[in-house]
file final.pdb (PDB, C-alpha atoms and all ligand atoms)
MODEL        1
ATOM      1  CA  MET A  29     -67.029  -5.330  16.466
ATOM      2  CA  PRO A  30     -66.877  -6.674  12.938
ATOM      3  CA  LEU A  31     -63.728  -8.479  12.030
ATOM      4  CA  THR A  32     -62.568  -7.559   8.579
ATOM      5  CA  LEU A  33     -59.181  -9.144   8.584
ATOM      6  CA  PRO A  34     -57.607  -9.645   5.182
ATOM      7  CA  CYS A  35     -56.378 -12.948   3.865
ATOM      8  CA  CYS A  36     -52.695 -13.690   3.937
ATOM      9  CA  PRO A  37     -51.091 -12.502   0.679
ATOM     10  CA  SER A  38     -48.645 -15.409   0.770
ATOM     11  CA  CYS A  39     -50.758 -18.458   1.520
ATOM     12  CA  ASP A  40     -54.282 -17.018   1.342
ATOM     13  CA  SER A  41     -55.018 -18.215   4.847
ATOM     14  CA  LYS A  42     -57.680 -16.551   6.945
ATOM     15  CA  ASN A  43     -55.797 -17.507  10.066
ATOM     16  CA  VAL A  44     -54.603 -13.930  10.436
ATOM     17  CA  VAL A  45     -54.292 -11.794  13.546
ATOM     18  CA  LYS A  46     -53.693  -8.125  14.113
ATOM     19  CA  ASN A  47     -50.089  -7.498  14.932
ATOM     20  CA  GLY A  48     -49.750  -3.904  16.078
ATOM     21  CA  ARG A  49     -49.211  -0.983  13.805
ATOM     22  CA  ILE A  50     -46.315  -0.013  11.633
ATOM     23  CA  HIS A  51     -44.647   3.386  11.925
ATOM     24  CA  ASN A  52     -47.065   5.150   9.596
ATOM     25  CA  GLY A  53     -50.066   3.981  11.609
ATOM     26  CA  LYS A  54     -51.219   1.246   9.273
ATOM     27  CA  GLN A  55     -52.568  -1.906  10.843
ATOM     28  CA  ASN A  56     -50.062  -4.710  10.671
ATOM     29  CA  HIS A  57     -51.186  -8.323  10.439
ATOM     30  CA  LYS A  58     -49.569 -11.631  10.933
ATOM     31  CA  CYS A  59     -50.438 -14.940   9.365
ATOM     32  CA  HIS A  60     -50.423 -17.837  11.805
ATOM     33  CA  ASP A  61     -49.996 -20.380   9.051
ATOM     34  CA  CYS A  62     -46.879 -19.101   7.308
ATOM     35  CA  GLY A  63     -45.737 -16.412   9.733
ATOM     36  CA  ARG A  64     -45.870 -13.616   7.206
ATOM     37  CA  GLN A  65     -46.479 -10.107   8.460
ATOM     38  CA  PHE A  66     -48.247  -7.709   6.169
ATOM     39  CA  VAL A  67     -50.268  -4.540   5.973
ATOM     40  CA  GLN A  68     -53.462  -4.424   4.047
ATOM     41  CA  ASP A  69     -52.531  -1.917   1.388
ATOM     42  CA  PRO A  70     -49.937  -3.536  -0.845
ATOM     43  CA  GLN A  71     -49.416  -0.371  -2.861
ATOM     44  CA  ASN A  72     -47.890   1.217   0.165
ATOM     45  CA  LYS A  73     -45.744  -1.647   1.295
ATOM     46  CA  VAL A  74     -43.301  -0.736   3.984
ATOM     47  CA  ILE A  75     -40.520  -3.012   5.075
ATOM     48  CA  ASP A  76     -40.463  -2.974   8.844
ATOM     49  CA  ALA A  77     -37.378  -2.527  10.972
ATOM     50  CA  SER A  78     -37.172  -6.150  12.055
ATOM     51  CA  THR A  79     -37.237  -7.276   8.432
ATOM     52  CA  LYS A  80     -34.453  -4.837   7.613
ATOM     53  CA  ARG A  81     -32.383  -6.174  10.491
ATOM     54  CA  LEU A  82     -32.919  -9.673   9.145
ATOM     55  CA  ILE A  83     -31.909  -8.537   5.667
ATOM     56  CA  ASP A  84     -28.766  -6.958   7.079
ATOM     57  CA  LYS A  85     -27.808 -10.270   8.646
ATOM     58  CA  LEU A  86     -28.543 -12.207   5.493
ATOM     59  CA  LEU A  87     -26.449  -9.801   3.447
ATOM     60  CA  LEU A  88     -23.487 -10.634   5.673
ATOM     61  CA  GLU A  89     -23.940 -14.297   4.794
ATOM     62  CA  LYS A  90     -23.204 -13.614   1.129
ATOM     63  CA  ILE A  91     -26.576 -14.974   0.105
ATOM     64  CA  PRO A  92     -27.658 -13.861  -3.374
ATOM     65  CA  LEU A  93     -30.132 -10.996  -3.346
ATOM     66  CA  ALA A  94     -32.723 -13.122  -5.113
ATOM     67  CA  GLY A  95     -32.540 -15.648  -2.297
ATOM     68  CA  ILE A  96     -32.867 -12.992   0.389
ATOM     69  CA  ALA A  97     -35.813 -11.451  -1.431
ATOM     70  CA  ARG A  98     -37.585 -14.808  -1.447
ATOM     71  CA  VAL A  99     -36.887 -15.531   2.204
ATOM     72  CA  VAL A 100     -37.981 -12.190   3.615
ATOM     73  CA  GLU A 101     -40.668 -11.698   0.962
ATOM     74  CA  VAL A 102     -39.621  -8.383  -0.456
ATOM     75  CA  SER A 103     -39.226  -7.609  -4.128
ATOM     76  CA  GLU A 104     -35.793  -7.947  -5.655
ATOM     77  CA  VAL A 105     -36.133  -4.413  -6.978
ATOM     78  CA  TRP A 106     -36.746  -3.063  -3.499
ATOM     79  CA  LEU A 107     -33.895  -5.101  -2.074
ATOM     80  CA  GLN A 108     -31.477  -3.873  -4.712
ATOM     81  CA  GLN A 109     -32.408  -0.286  -3.937
ATOM     82  CA  TYR A 110     -32.044  -0.958  -0.229
ATOM     83  CA  VAL A 111     -28.572  -2.413  -0.712
ATOM     84  CA  ASN A 112     -27.533   0.442  -2.982
ATOM     85  CA  ALA A 113     -28.673   2.989  -0.421
ATOM     86  CA  LYS A 114     -26.797   1.123   2.290
ATOM     87  CA  TYR A 115     -23.547   1.101   0.389
ATOM     88  CA  GLU A 116     -23.858   4.816  -0.235
ATOM     89  CA  GLN A 117     -24.234   5.442   3.476
ATOM     90  CA  VAL A 118     -21.252   3.379   4.488
ATOM     91  CA  PRO A 119     -17.975   5.228   4.000
ATOM     92  CA  ARG A 120     -15.419   3.284   2.079
ATOM     93  CA  GLN A 121     -13.216   1.952   4.811
ATOM     94  CA  VAL A 122     -12.032  -1.129   3.074
ATOM     95  CA  THR A 123      -8.343  -1.393   3.681
ATOM     96  CA  VAL A 124      -6.033  -3.429   1.597
ATOM     97  CA  SER A 125      -5.624  -6.910   2.924
ATOM     98  CA  ALA A 126      -2.927  -7.103   5.577
ATOM     99  CA  LYS A 127      -1.634 -10.353   4.255
ATOM    100  CA  LYS A 128       0.681  -9.955   1.343
ATOM    101  CA  ARG A 129       0.647 -12.554  -1.299
ATOM    102  CA  GLY A 130       3.738 -14.635  -1.543
ATOM    103  CA  ALA A 131       5.120 -13.335   1.723
TER     104      ALA A 131
HETATM  105 ZN    ZN A 201     -49.837 -17.056   5.323
ENDMDL
END
call {"tool": "encode", "arguments": {"input": "final.pdb", "output": "structure tokens", "more": "lines below"}}
Ligand SMILES: [Zn+2]
result
Amino acid sequence: MPLTLPCCPSCDSKNVVKNGRIHNGKQNHKCHDCGRQFVQDPQNKVIDASTKRLIDKLLLEKIPLAGIARVVEVSEVWLQQYVNAKYEQVPRQVTVSAKKRGA
């Protein structure tokens, strides 16, 4: 069985293993050197569920989007769209602060 594993897009390492498949059936890979997970076709990049969960946590930490994009290795454009879509889903339930100023 010929191994035709791609190089890691982040660090160009060949120390890459197969890492299951993503939801659309594409082969997922993982780099042992930098830990990056990736699929071979970058045009059809899909952010997996675990990455989205990580992003959700990072968003709660008030980290700038650019920083999150670097850490989880998604594009800032994608991240901005993701955040926008999220805010549209969440109903506005922000209540006015219970503490009154000067009270
Ligand atoms: Zn790597």
call {"tool": "resolve_selection", "arguments": {"input": "final.pdb", "expression": "the PyMOL selection byres (((chain A and resi 49) around 12) and not hetatm)", "output": "VMD selection string"}}
result
chain A and resid 45 to 48 50 to 58 65 to 68 74 76
call {"tool": "write_last_selection", "arguments": {"input": "final.pdb", "atoms": "C-alpha atoms", "output": "PDB file, keeping the file's coordinate frame"}}
result
ATOM      1  CA  VAL A  45     -54.292 -11.794  13.546  1.00  0.00           C
ATOM      2  CA  LYS A  46     -53.693  -8.125  14.113  1.00  0.00           C
ATOM      3  CA  ASN A  47     -50.089  -7.498  14.932  1.00  0.00           C
ATOM      4  CA  GLY A  48     -49.750  -3.904  16.078  1.00  0.00           C
ATOM      5  CA  ILE A  50     -46.315  -0.013  11.633  1.00  0.00           C
ATOM      6  CA  HIS A  51     -44.647   3.386  11.925  1.00  0.00           C
ATOM      7  CA  ASN A  52     -47.065   5.150   9.596  1.00  0.00           C
ATOM      8  CA  GLY A  53     -50.066   3.981  11.609  1.00  0.00           C
ATOM      9  CA  LYS A  54     -51.219   1.246   9.273  1.00  0.00           C
ATOM     10  CA  GLN A  55     -52.568  -1.906  10.843  1.00  0.00           C
ATOM     11  CA  ASN A  56     -50.062  -4.710  10.671  1.00  0.00           C
ATOM     12  CA  HIS A  57     -51.186  -8.323  10.439  1.00  0.00           C
ATOM     13  CA  LYS A  58     -49.569 -11.631  10.933  1.00  0.00           C
ATOM     14  CA  GLN A  65     -46.479 -10.107   8.460  1.00  0.00           C
ATOM     15  CA  PHE A  66     -48.247  -7.709   6.169  1.00  0.00           C
ATOM     16  CA  VAL A  67     -50.268  -4.540   5.973  1.00  0.00           C
ATOM     17  CA  GLN A  68     -53.462  -4.424   4.047  1.00  0.00           C
ATOM     18  CA  VAL A  74     -43.301  -0.736   3.984  1.00  0.00           C
ATOM     19  CA  ASP A  76     -40.463  -2.974   8.844  1.00  0.00           C
TER      20      ASP A  76
END
call {"tool": "closest_atom_pairs", "arguments": {"input": "final.pdb", "of": "chain A", "to": "ligand ZN 201 (chain A)", "cutoff": "8 Å", "atoms": "all atoms listed in the file", "output": "Markdown table"}}
result
| residue | atom | partner | partner_atom | distance |
| --- | --- | --- | --- | --- |
| A:Cys35 | CA | A:ZN201 | ZN | 7.9 |
| A:Cys36 | CA | A:ZN201 | ZN | 4.6 |
| A:Pro37 | CA | A:ZN201 | ZN | 6.6 |
| A:Ser38 | CA | A:ZN201 | ZN | 5.0 |
| A:Cys39 | CA | A:ZN201 | ZN | 4.2 |
| A:Asp40 | CA | A:ZN201 | ZN | 6.0 |
| A:Ser41 | CA | A:ZN201 | ZN | 5.3 |
| A:Asn43 | CA | A:ZN201 | ZN | 7.6 |
| A:Val44 | CA | A:ZN201 | ZN | 7.7 |
| A:Lys58 | CA | A:ZN201 | ZN | 7.8 |
| A:Cys59 | CA | A:ZN201 | ZN | 4.6 |
| A:His60 | CA | A:ZN201 | ZN | 6.6 |
| A:Asp61 | CA | A:ZN201 | ZN | 5.0 |
| A:Cys62 | CA | A:ZN201 | ZN | 4.1 |
| A:Gly63 | CA | A:ZN201 | ZN | 6.1 |
| A:Arg64 | CA | A:ZN201 | ZN | 5.6 |
call {"tool": "write_last_selection", "arguments": {"input": "final.pdb", "atoms": "C-alpha atoms", "output": "mmCIF file, in the coordinates of the input"}}
result
data_model
loop_
_atom_site.group_PDB
_atom_site.id
_atom_site.type_symbol
_atom_site.label_atom_id
_atom_site.label_comp_id
_atom_site.auth_asym_id
_atom_site.auth_seq_id
_atom_site.Cartn_x
_atom_site.Cartn_y
_atom_site.Cartn_z
ATOM 1 C CA CYS A 35 -56.378 -12.948 3.865
ATOM 2 C CA CYS A 36 -52.695 -13.690 3.937
ATOM 3 C CA PRO A 37 -51.091 -12.502 0.679
ATOM 4 C CA SER A 38 -48.645 -15.409 0.770
ATOM 5 C CA CYS A 39 -50.758 -18.458 1.520
ATOM 6 C CA ASP A 40 -54.282 -17.018 1.342
ATOM 7 C CA SER A 41 -55.018 -18.215 4.847
ATOM 8 C CA ASN A 43 -55.797 -17.507 10.066
ATOM 9 C CA VAL A 44 -54.603 -13.930 10.436
ATOM 10 C CA LYS A 58 -49.569 -11.631 10.933
ATOM 11 C CA CYS A 59 -50.438 -14.940 9.365
ATOM 12 C CA HIS A 60 -50.423 -17.837 11.805
ATOM 13 C CA ASP A 61 -49.996 -20.380 9.051
ATOM 14 C CA CYS A 62 -46.879 -19.101 7.308
ATOM 15 C CA GLY A 63 -45.737 -16.412 9.733
ATOM 16 C CA ARG A 64 -45.870 -13.616 7.206
#
call {"tool": "atom_distance", "arguments": {"input": "final.pdb", "atom1": "CA of Arg98 in chain A", "atom2": "CA of Lys42 in chain A"}}
result
21.8 Å
call {"tool": "atom_distance", "arguments": {"input": "final.pdb", "atom1": "CA of Gly95 in chain A", "atom2": "CA of Leu33 in chain A"}}
result
29.5 Å
call {"tool": "atom_distance", "arguments": {"input": "final.pdb", "atom1": "CA of Thr79 in chain A", "atom2": "CA of Trp106 in chain A"}}
result
12.7 Å
call {"tool": "resolve_selection", "arguments": {"input": "final.pdb", "expression": "the PyMOL selection byres (((chain A and resi 110) around 12) and not hetatm)", "output": "list in words"}}
result
Ile75, Thr79, Lys80, Arg81, Ile83, Asp84, Leu87, Leu93, Ala97, Val102, Ser103, Glu104, Val105, Trp106, Leu107, Gln108, Gln109, Val111, Asn112, Ala113, Lys114, Tyr115, Glu116 and Gln117 of chain A
call {"tool": "decode", "arguments": {"input": "final.pdb", "residues": "range 31-81 of chain A", "atoms": "N, CA and C atoms", "output": "PDB file, in the first residue's frame"}}
result
ATOM      1  N   LEU A  31       2.187   4.821   0.454  1.00  0.00           N
ATOM      2  CA  LEU A  31       1.859   5.936   1.339  1.00  0.00           C
ATOM      3  C   LEU A  31       2.077   7.243   0.592  1.00  0.00           C
ATOM      4  N   THR A  32       1.019   7.973   0.435  1.00  0.00           N
ATOM      5  CA  THR A  32       1.130   9.259  -0.251  1.00  0.00           C
ATOM      6  C   THR A  32       0.643  10.353   0.677  1.00  0.00           C
ATOM      7  N   LEU A  33       1.232  10.373   1.850  1.00  0.00           N
ATOM      8  CA  LEU A  33       0.811  11.390   2.804  1.00  0.00           C
ATOM      9  C   LEU A  33       1.401  12.750   2.421  1.00  0.00           C
ATOM     10  N   PRO A  34       0.596  13.768   2.560  1.00  0.00           N
ATOM     11  CA  PRO A  34       1.078  15.119   2.231  1.00  0.00           C
ATOM     12  C   PRO A  34       2.004  15.650   3.322  1.00  0.00           C
ATOM     13  N   CYS A  35       2.719  16.682   2.979  1.00  0.00           N
ATOM     14  CA  CYS A  35       3.522  17.377   3.985  1.00  0.00           C
ATOM     15  C   CYS A  35       2.618  18.295   4.800  1.00  0.00           C
ATOM     16  N   CYS A  36       3.079  18.578   5.994  1.00  0.00           N
ATOM     17  CA  CYS A  36       2.328  19.493   6.852  1.00  0.00           C
ATOM     18  C   CYS A  36       2.339  20.902   6.244  1.00  0.00           C
ATOM     19  N   PRO A  37       1.159  21.514   6.099  1.00  0.00           N
ATOM     20  CA  PRO A  37       1.116  22.866   5.529  1.00  0.00           C
ATOM     21  C   PRO A  37       1.699  23.926   6.458  1.00  0.00           C
ATOM     22  N   SER A  38       1.827  23.613   7.733  1.00  0.00           N
ATOM     23  CA  SER A  38       2.370  24.600   8.670  1.00  0.00           C
ATOM     24  C   SER A  38       3.882  24.547   8.745  1.00  0.00           C
ATOM     25  N   CYS A  39       4.431  23.351   8.958  1.00  0.00           N
ATOM     26  CA  CYS A  39       5.870  23.264   9.207  1.00  0.00           C
ATOM     27  C   CYS A  39       6.578  22.421   8.156  1.00  0.00           C
ATOM     28  N   ASP A  40       5.822  21.952   7.148  1.00  0.00           N
ATOM     29  CA  ASP A  40       6.412  21.219   6.037  1.00  0.00           C
ATOM     30  C   ASP A  40       7.021  19.893   6.456  1.00  0.00           C
ATOM     31  N   SER A  41       6.636  19.410   7.606  1.00  0.00           N
ATOM     32  CA  SER A  41       7.159  18.132   8.079  1.00  0.00           C
ATOM     33  C   SER A  41       6.512  16.982   7.314  1.00  0.00           C
ATOM     34  N   LYS A  42       7.257  15.896   7.186  1.00  0.00           N
ATOM     35  CA  LYS A  42       6.673  14.682   6.625  1.00  0.00           C
ATOM     36  C   LYS A  42       6.233  13.720   7.724  1.00  0.00           C
ATOM     37  N   ASN A  43       6.379  14.161   8.938  1.00  0.00           N
ATOM     38  CA  ASN A  43       5.994  13.337  10.079  1.00  0.00           C
ATOM     39  C   ASN A  43       4.493  13.476  10.312  1.00  0.00           C
ATOM     40  N   VAL A  44       3.737  12.960   9.325  1.00  0.00           N
ATOM     41  CA  VAL A  44       2.294  13.165   9.282  1.00  0.00           C
ATOM     42  C   VAL A  44       1.600  11.814   9.329  1.00  0.00           C
ATOM     43  N   VAL A  45       0.525  11.725  10.079  1.00  0.00           N
ATOM     44  CA  VAL A  45      -0.240  10.485  10.128  1.00  0.00           C
ATOM     45  C   VAL A  45      -1.682  10.755   9.709  1.00  0.00           C
ATOM     46  N   LYS A  46      -2.332   9.686   9.269  1.00  0.00           N
ATOM     47  CA  LYS A  46      -3.761   9.805   8.995  1.00  0.00           C
ATOM     48  C   LYS A  46      -4.501   9.937  10.311  1.00  0.00           C
ATOM     49  N   ASN A  47      -5.529  10.744  10.285  1.00  0.00           N
ATOM     50  CA  ASN A  47      -6.219  11.061  11.532  1.00  0.00           C
ATOM     51  C   ASN A  47      -7.735  11.034  11.307  1.00  0.00           C
ATOM     52  N   GLY A  48      -8.216   9.912  10.796  1.00  0.00           N
ATOM     53  CA  GLY A  48      -9.652   9.776  10.583  1.00  0.00           C
ATOM     54  C   GLY A  48     -10.123  10.603   9.399  1.00  0.00           C
ATOM     55  N   ARG A  49     -11.431  10.710   9.312  1.00  0.00           N
ATOM     56  CA  ARG A  49     -11.993  11.491   8.221  1.00  0.00           C
ATOM     57  C   ARG A  49     -12.885  12.570   8.785  1.00  0.00           C
ATOM     58  N   ILE A  50     -12.950  13.679   8.055  1.00  0.00           N
ATOM     59  CA  ILE A  50     -13.851  14.735   8.468  1.00  0.00           C
ATOM     60  C   ILE A  50     -15.238  14.431   7.920  1.00  0.00           C
ATOM     61  N   HIS A  51     -16.211  15.259   8.276  1.00  0.00           N
ATOM     62  CA  HIS A  51     -17.619  14.920   8.031  1.00  0.00           C
ATOM     63  C   HIS A  51     -17.936  14.716   6.559  1.00  0.00           C
ATOM     64  N   ASN A  52     -17.194  15.350   5.670  1.00  0.00           N
ATOM     65  CA  ASN A  52     -17.508  15.198   4.250  1.00  0.00           C
ATOM     66  C   ASN A  52     -16.717  14.060   3.617  1.00  0.00           C
ATOM     67  N   GLY A  53     -16.068  13.245   4.452  1.00  0.00           N
ATOM     68  CA  GLY A  53     -15.400  12.053   3.947  1.00  0.00           C
ATOM     69  C   GLY A  53     -13.948  12.251   3.566  1.00  0.00           C
ATOM     70  N   LYS A  54     -13.483  13.479   3.622  1.00  0.00           N
ATOM     71  CA  LYS A  54     -12.081  13.723   3.267  1.00  0.00           C
ATOM     72  C   LYS A  54     -11.156  13.180   4.345  1.00  0.00           C
ATOM     73  N   GLN A  55     -10.010  12.677   3.879  1.00  0.00           N
ATOM     74  CA  GLN A  55      -9.018  12.163   4.817  1.00  0.00           C
ATOM     75  C   GLN A  55      -8.427  13.308   5.640  1.00  0.00           C
ATOM     76  N   ASN A  56      -8.464  13.141   6.935  1.00  0.00           N
ATOM     77  CA  ASN A  56      -7.833  14.129   7.801  1.00  0.00           C
ATOM     78  C   ASN A  56      -6.436  13.644   8.179  1.00  0.00           C
ATOM     79  N   HIS A  57      -5.534  14.570   8.364  1.00  0.00           N
ATOM     80  CA  HIS A  57      -4.162  14.232   8.741  1.00  0.00           C
ATOM     81  C   HIS A  57      -3.758  15.026   9.966  1.00  0.00           C
ATOM     82  N   LYS A  58      -2.756  14.500  10.612  1.00  0.00           N
ATOM     83  CA  LYS A  58      -2.232  15.233  11.753  1.00  0.00           C
ATOM     84  C   LYS A  58      -0.717  15.230  11.713  1.00  0.00           C
ATOM     85  N   CYS A  59      -0.152  16.395  11.942  1.00  0.00           N
ATOM     86  CA  CYS A  59       1.298  16.522  11.973  1.00  0.00           C
ATOM     87  C   CYS A  59       1.797  16.225  13.380  1.00  0.00           C
ATOM     88  N   HIS A  60       2.762  15.311  13.472  1.00  0.00           N
ATOM     89  CA  HIS A  60       3.314  14.979  14.784  1.00  0.00           C
ATOM     90  C   HIS A  60       4.261  16.046  15.299  1.00  0.00           C
ATOM     91  N   ASP A  61       4.780  16.842  14.413  1.00  0.00           N
ATOM     92  CA  ASP A  61       5.768  17.845  14.830  1.00  0.00           C
ATOM     93  C   ASP A  61       5.123  19.075  15.431  1.00  0.00           C
ATOM     94  N   CYS A  62       4.069  19.594  14.781  1.00  0.00           N
ATOM     95  CA  CYS A  62       3.459  20.818  15.303  1.00  0.00           C
ATOM     96  C   CYS A  62       2.026  20.586  15.774  1.00  0.00           C
ATOM     97  N   GLY A  63       1.507  19.388  15.535  1.00  0.00           N
ATOM     98  CA  GLY A  63       0.168  19.076  16.049  1.00  0.00           C
ATOM     99  C   GLY A  63      -0.963  19.542  15.165  1.00  0.00           C
ATOM    100  N   ARG A  64      -0.643  20.129  14.036  1.00  0.00           N
ATOM    101  CA  ARG A  64      -1.689  20.640  13.163  1.00  0.00           C
ATOM    102  C   ARG A  64      -2.467  19.502  12.514  1.00  0.00           C
ATOM    103  N   GLN A  65      -3.771  19.673  12.437  1.00  0.00           N
ATOM    104  CA  GLN A  65      -4.603  18.749  11.683  1.00  0.00           C
ATOM    105  C   GLN A  65      -4.999  19.424  10.377  1.00  0.00           C
ATOM    106  N   PHE A  66      -5.023  18.650   9.319  1.00  0.00           N
ATOM    107  CA  PHE A  66      -5.359  19.264   8.039  1.00  0.00           C
ATOM    108  C   PHE A  66      -5.876  18.207   7.078  1.00  0.00           C
ATOM    109  N   VAL A  67      -6.638  18.660   6.107  1.00  0.00           N
ATOM    110  CA  VAL A  67      -7.026  17.815   4.991  1.00  0.00           C
ATOM    111  C   VAL A  67      -6.232  18.256   3.781  1.00  0.00           C
ATOM    112  N   GLN A  68      -6.184  17.367   2.806  1.00  0.00           N
ATOM    113  CA  GLN A  68      -5.202  17.578   1.744  1.00  0.00           C
ATOM    114  C   GLN A  68      -5.606  18.677   0.772  1.00  0.00           C
ATOM    115  N   ASP A  69      -6.874  18.924   0.638  1.00  0.00           N
ATOM    116  CA  ASP A  69      -7.314  19.888  -0.361  1.00  0.00           C
ATOM    117  C   ASP A  69      -7.580  21.236   0.293  1.00  0.00           C
ATOM    118  N   PRO A  70      -6.646  22.149   0.217  1.00  0.00           N
ATOM    119  CA  PRO A  70      -6.808  23.404   0.952  1.00  0.00           C
ATOM    120  C   PRO A  70      -7.911  24.293   0.404  1.00  0.00           C
ATOM    121  N   GLN A  71      -8.304  24.054  -0.859  1.00  0.00           N
ATOM    122  CA  GLN A  71      -9.394  24.862  -1.403  1.00  0.00           C
ATOM    123  C   GLN A  71     -10.712  24.593  -0.689  1.00  0.00           C
ATOM    124  N   ASN A  72     -10.789  23.412  -0.130  1.00  0.00           N
ATOM    125  CA  ASN A  72     -12.045  23.012   0.483  1.00  0.00           C
ATOM    126  C   ASN A  72     -11.863  22.857   1.987  1.00  0.00           C
ATOM    127  N   LYS A  73     -11.198  23.815   2.563  1.00  0.00           N
ATOM    128  CA  LYS A  73     -10.869  23.724   3.975  1.00  0.00           C
ATOM    129  C   LYS A  73     -12.128  23.771   4.824  1.00  0.00           C
ATOM    130  N   VAL A  74     -12.200  22.820   5.721  1.00  0.00           N
ATOM    131  CA  VAL A  74     -13.335  22.764   6.626  1.00  0.00           C
ATOM    132  C   VAL A  74     -12.806  22.814   8.051  1.00  0.00           C
ATOM    133  N   ILE A  75     -13.369  23.682   8.825  1.00  0.00           N
ATOM    134  CA  ILE A  75     -12.964  23.775  10.223  1.00  0.00           C
ATOM    135  C   ILE A  75     -13.720  22.713  11.005  1.00  0.00           C
ATOM    136  N   ASP A  76     -13.013  21.828  11.656  1.00  0.00           N
ATOM    137  CA  ASP A  76     -13.707  20.730  12.319  1.00  0.00           C
ATOM    138  C   ASP A  76     -14.335  21.179  13.641  1.00  0.00           C
ATOM    139  N   ALA A  77     -15.186  20.294  14.162  1.00  0.00           N
ATOM    140  CA  ALA A  77     -15.992  20.657  15.322  1.00  0.00           C
ATOM    141  C   ALA A  77     -15.125  20.955  16.538  1.00  0.00           C
ATOM    142  N   SER A  78     -14.037  20.203  16.694  1.00  0.00           N
ATOM    143  CA  SER A  78     -13.206  20.436  17.876  1.00  0.00           C
ATOM    144  C   SER A  78     -12.522  21.800  17.792  1.00  0.00           C
ATOM    145  N   THR A  79     -12.154  22.195  16.578  1.00  0.00           N
ATOM    146  CA  THR A  79     -11.559  23.520  16.403  1.00  0.00           C
ATOM    147  C   THR A  79     -12.583  24.603  16.722  1.00  0.00           C
ATOM    148  N   LYS A  80     -13.821  24.385  16.297  1.00  0.00           N
ATOM    149  CA  LYS A  80     -14.858  25.380  16.581  1.00  0.00           C
ATOM    150  C   LYS A  80     -15.120  25.495  18.082  1.00  0.00           C
ATOM    151  N   ARG A  81     -15.079  24.341  18.765  1.00  0.00           N
ATOM    152  CA  ARG A  81     -15.260  24.395  20.217  1.00  0.00           C
ATOM    153  C   ARG A  81     -14.128  25.190  20.859  1.00  0.00           C
TER     154      ARG A  81
END
